[in-house]
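Below is one structure; the comments refer to it alone.
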Amino acid sequence: MQITLRVKRYDPEAAEDRRSWTQDYKVDVPEDSTVLDSLIQVREYVDDSLSLRCSCRGAICGSCAMRVNGHAALGCKSKVQKVLDKDNVIAVEPMGNQPVIKDLVVDMAVFWSKVRQVQPWLQPQGPEPEGEYVAPNEAMQHLVGVMGCIMCGACVSDCTVLEVDKNFIGPAALAKAYRFVADPRDGTSKDRLALYDRSGGIWDCTRCFECVQVCPKGVAPMDRIMALRDRAIESGFTSTYGARHAEAFADSVEHSGTLNETALVVKTYGMFNFPKLLGLIPLAMRAGMKRKVPPLMHKPVEGVSHIRQMFRKAADREKAGHPQR
Ligand code: SF4
Ligand code: SF4
Ligand code: FES
């Protein structure tokens with residue numbers, strides 16, 4: 001079958017106004033080809049200046065992540081048949097949120113430095129066990145998913161927060177952080193949670209789900225971040241804006257069945273945090289001009305008792321040792 005690979009190219013050595021361009025490659029590929037197979041075919045037989053990164057070709061090494069039709073994916077896991085548009089075109093770009101070195105190759109130095117920031121190694125405390133430290137099977141089973149991460153960077157590529165805030169540690173590093181907080185052999189979870197509770201950490205995720213959608217290994221980084229938030233609150237880290245926002249949000253829904261936005265802001269920032277609250281006045285005025293000011297009187301919705309019952313059941317489950325996620 002004949003397909004067109006529409007590749008976003010970048011050559012750092014070209015004149016400044018000609019460094020970036022889009023190039024179409026028409027190639028005949030077998031029906032069961034992957035995007036990576038097709039790109040390798042281009043590089044081998046059509047244009048040897050095309051740069052890309054790959055190794056295992058079997059979705060194991062994580063080195064061939066790129067954007068296929070606008071979303072991060074492994075080139076070796078993306079079947080051409082599945083991603084072709086009606087004109088048999090596939091758009092291929094380098095990953096986002098990481099500087100491009102050449103064509104489809106990005107510089108992952110920042111990615112790795114963020115992974116290092118979360119201290120991705122076991123730190124047992126207390127006397128060393130004689131021989132191997134054997135963790136019970138059931139205590140490790142819930143970590144199998146997160147341990148499947150192949151460090152491909154796809155989640156980082158499409159993280160909407162990283163697009164606007166380079167300080168955010170990001171989904172891959174935080175998923176890795178969860179892996180060690182939840183490991184029964186590690187003895188430093190509280191110190192770890194204190195580290196991840198800071199600006200740029202667990203509270204900066206906006207729950208956009210992008211990382212969950214693009215992860216080729218089902219790691220679900222956002223779910224791990226939410227689990228870290230739960231553990232941080234349980235461990236007493238309740239003074240950040242993020243923690244207070246989460247508590248106030250849940251309180252409001254439990255109390256009235258809907259969100260009391262005015263109370264949410266006040267409870268998040270604190271009643272006497274005048275600089276923050278005054279800083280929100282322009283936003284409130286803009287909302288007022290568009291008639292989007294929340295009502296001052298916040299009444300419970302009809303049937304709120306059912307919602308309260310759900311909260312009670314969830315609390316009972318948690319007490320009985322069944323976490324919510
Ligand atoms: S859910 Fe959070 S971590 Fe994942 S992509 Fe969205 S903002 Fe980033
Ligand atoms: S969490 Fe998923 S998308 Fe992110 S680096 Fe690991 S395997 Fe790749
Ligand atoms: S080449 Fe190894 S994951 Fe694609």
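Letters for chains follow the order of the structure tokens (A, B, ...), residue numbers begin at 1 for each chain, and ligand numbers begin at 1 in the order shown.
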Need the shell around Ser235 (chain A): protein/DNA/RNA residues with any atom at most 10 Å away, counting only C-alpha atoms. Skip same-chain ones fewer than 5 positions apart. Format as a ChimeraX atom specification? /A:189-190,193-194,229-230
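Those protein and nucleic acid residues that have any atom within 7 Å of ligand 2 are, using only C-alpha atoms and all ligand atoms, Gly62, Gly148, Cys149, Ile150, Met151, Cys152, Gly153, Ala154, Cys155, Val156, Pro171, Ala172, Ala175, Cys211, Val214, Cys215, Pro216, Lys217, Gly218, Val219, Ala220 and Pro221 of chain A.
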Show which residues sit within 12 Å of Asp251 (chain A), as a count of residues only. Count only C-alpha atoms, and ignore same-chain residues fewer than 6 positions away. 14
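Nearest to ligand 1 of all the residues A:Lys26, A:Arg207, A:Arg18, A:Lys290 is A:Arg207, based on only C-alpha atoms and all ligand atoms.
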Do you know which residues are within 6 Å of ligand 3 using only C-alpha atoms and all ligand atoms? Can you write them as a ChimeraX atom specification? /A:54-64,74-76
Check which residues fall inside 6 Å of ligand 1 when counting only C-alpha atoms and all ligand atoms, and print them as a PDB file with C-alpha atoms, in the first residue's frame.
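And here's selection-v8.pdb as it stands now:
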ATOM      1  CA  CYS A 159       1.192  17.033  29.356  1.00  0.00           C
ATOM      2  CA  THR A 160      -0.855  20.229  29.181  1.00  0.00           C
ATOM      3  CA  VAL A 161       0.679  21.680  32.348  1.00  0.00           C
ATOM      4  CA  GLY A 170       5.608  15.944  35.194  1.00  0.00           C
ATOM      5  CA  PRO A 171       3.705  12.680  34.867  1.00  0.00           C
ATOM      6  CA  CYS A 205      -1.537  18.468  37.762  1.00  0.00           C
ATOM      7  CA  THR A 206      -4.842  19.670  36.270  1.00  0.00           C
ATOM      8  CA  ARG A 207      -6.221  16.156  35.697  1.00  0.00           C
ATOM      9  CA  CYS A 208      -6.508  16.608  31.955  1.00  0.00           C
ATOM     10  CA  PHE A 209      -6.118  12.837  31.320  1.00  0.00           C
ATOM     11  CA  GLU A 210      -3.707  13.318  28.398  1.00  0.00           C
ATOM     12  CA  CYS A 211      -0.956  11.274  30.053  1.00  0.00           C
ATOM     13  CA  MET A 222      -2.496  10.820  36.538  1.00  0.00           C
TER      14      MET A 222
END
Proximity to Glu254 (chain A) - best of A:Leu36, A:Met310, A:Ala227, A:Ile281, only C-alpha atoms: A:Met310
Quick one: everything within 10 Å of Arg19 (chain A), counting only C-alpha atoms, minus sequence neighbours fewer than 3 positions away in the same chain. Send it as a ChimeraX atom specification. /A:9-16,102-103
Quick one: write out the picked residues with C-alpha atoms as a compact mmCIF listing (two decimals), in the first residue's frame?
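Output saved as selection-v1.txt:
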# COMPACT_ATOMS: atom_id res chain seq x y z
CA ARG A 9 11.68 18.20 10.11
CA TYR A 10 14.27 20.26 11.94
CA ASP A 11 17.89 20.84 11.06
CA PRO A 12 19.81 22.92 13.62
CA GLU A 13 22.65 23.51 11.16
CA ALA A 14 20.50 25.09 8.44
CA ALA A 15 20.07 28.87 8.05
CA GLU A 16 17.77 30.19 10.77
CA LYS A 102 17.09 17.04 14.91
CA ASP A 103 13.93 15.92 13.10
Can you pull out every residue within 8 Å of region 126-137 of chain A, counting only C-alpha atoms, but drop anything in the same chain fewer than 3 positions away, and send it as a PyMOL selection string? chain A and resi 140-141+184-185
From the set A:Lys319, A:Asn167, A:Tyr196, A:Asp85, which residue has the shortest atom-to-atom contact distance to Val110 (chain A), counting only C-alpha atoms? A:Asn167
Shell of 9 Å around Arg224 (chain A), only C-alpha atoms, local chain residues under 6 positions omitted, as a compact mmCIF listing (two decimals) with C-alpha atoms, in the first residue's frame:
# COMPACT_ATOMS: atom_id res chain seq x y z
CA VAL A 146 3.48 1.46 37.36
CA PRO A 171 3.71 12.68 34.87
CA LEU A 174 5.57 11.47 39.54
CA ALA A 175 4.44 8.00 38.46
CA LYS A 176 7.94 6.82 39.34
CA ALA A 177 7.65 8.68 42.67
CA TYR A 178 4.47 6.76 43.48
CA ARG A 179 6.24 3.50 42.74
Quick one: everything within 8 Å of Asn97 (chain A), counting only C-alpha atoms, minus sequence neighbours fewer than 2 positions away in the same chain. Send it as a list in words.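 Returned residues: Met95, Pro99, Val156, Ser157, Asp158, Cys159, Leu162 and Glu163 of chain A.
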Next, the residues of the selection above should be written as a PDB file, in the first residue's frame with N, CA and C atoms.
ATOM      1  N   MET A  95       8.331  14.557  19.717  1.00  0.00           N
ATOM      2  CA  MET A  95       7.556  14.738  20.946  1.00  0.00           C
ATOM      3  C   MET A  95       7.530  16.208  21.345  1.00  0.00           C
ATOM      4  N   PRO A  99      13.103  19.830  23.972  1.00  0.00           N
ATOM      5  CA  PRO A  99      13.740  20.511  22.839  1.00  0.00           C
ATOM      6  C   PRO A  99      14.132  19.525  21.736  1.00  0.00           C
ATOM      7  N   VAL A 156       4.980  12.970  29.030  1.00  0.00           N
ATOM      8  CA  VAL A 156       5.570  14.302  29.195  1.00  0.00           C
ATOM      9  C   VAL A 156       5.327  15.134  27.937  1.00  0.00           C
ATOM     10  N   SER A 157       5.434  14.484  26.790  1.00  0.00           N
ATOM     11  CA  SER A 157       5.214  15.176  25.521  1.00  0.00           C
ATOM     12  C   SER A 157       3.862  15.869  25.465  1.00  0.00           C
ATOM     13  N   ASP A 158       2.822  15.183  25.982  1.00  0.00           N
ATOM     14  CA  ASP A 158       1.469  15.703  25.799  1.00  0.00           C
ATOM     15  C   ASP A 158       0.873  16.298  27.068  1.00  0.00           C
ATOM     16  N   CYS A 159       1.709  16.467  28.094  1.00  0.00           N
ATOM     17  CA  CYS A 159       1.192  17.033  29.356  1.00  0.00           C
ATOM     18  C   CYS A 159       0.842  18.510  29.155  1.00  0.00           C
ATOM     19  N   LEU A 162       2.848  21.012  31.503  1.00  0.00           N
ATOM     20  CA  LEU A 162       4.245  21.266  31.106  1.00  0.00           C
ATOM     21  C   LEU A 162       4.329  22.260  29.945  1.00  0.00           C
ATOM     22  N   GLU A 163       3.280  22.332  29.156  1.00  0.00           N
ATOM     23  CA  GLU A 163       3.300  23.310  28.058  1.00  0.00           C
ATOM     24  C   GLU A 163       3.389  24.737  28.569  1.00  0.00           C
TER      25      GLU A 163
END
From region 131-273 of chain A, collect each residue whose DSSP state is helix (DSSP H, G or I) and return the set as a PyMOL selection string. chain A and resi 137-141+144-147+154-157+160-164+171-181+189-196+202-204+210-214+221-234+241-256+261-269
One decimal, Å: what's the distance from CA of Gln98 (chain A) over to CA of Lys166 (chain A), could you say?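 Interatomic distance, CA of Gln98 (chain A) to CA of Lys166 (chain A): 10.0 Å.
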Grab the CA of Ala243 (chain A) to CA of Glu302 (chain A) distance for me, in Å with one decimal place.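 Between these atoms lies a distance of 28.4 Å.
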Using only C-alpha atoms, which residue out of A:Arg312, A:Arg116, A:Arg53, A:Arg317 lies closest to Leu39 (chain A)? A:Arg53
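Relative to CA of Lys313 (chain A), CA of Ala246 (chain A) is found at 18.8 Å.
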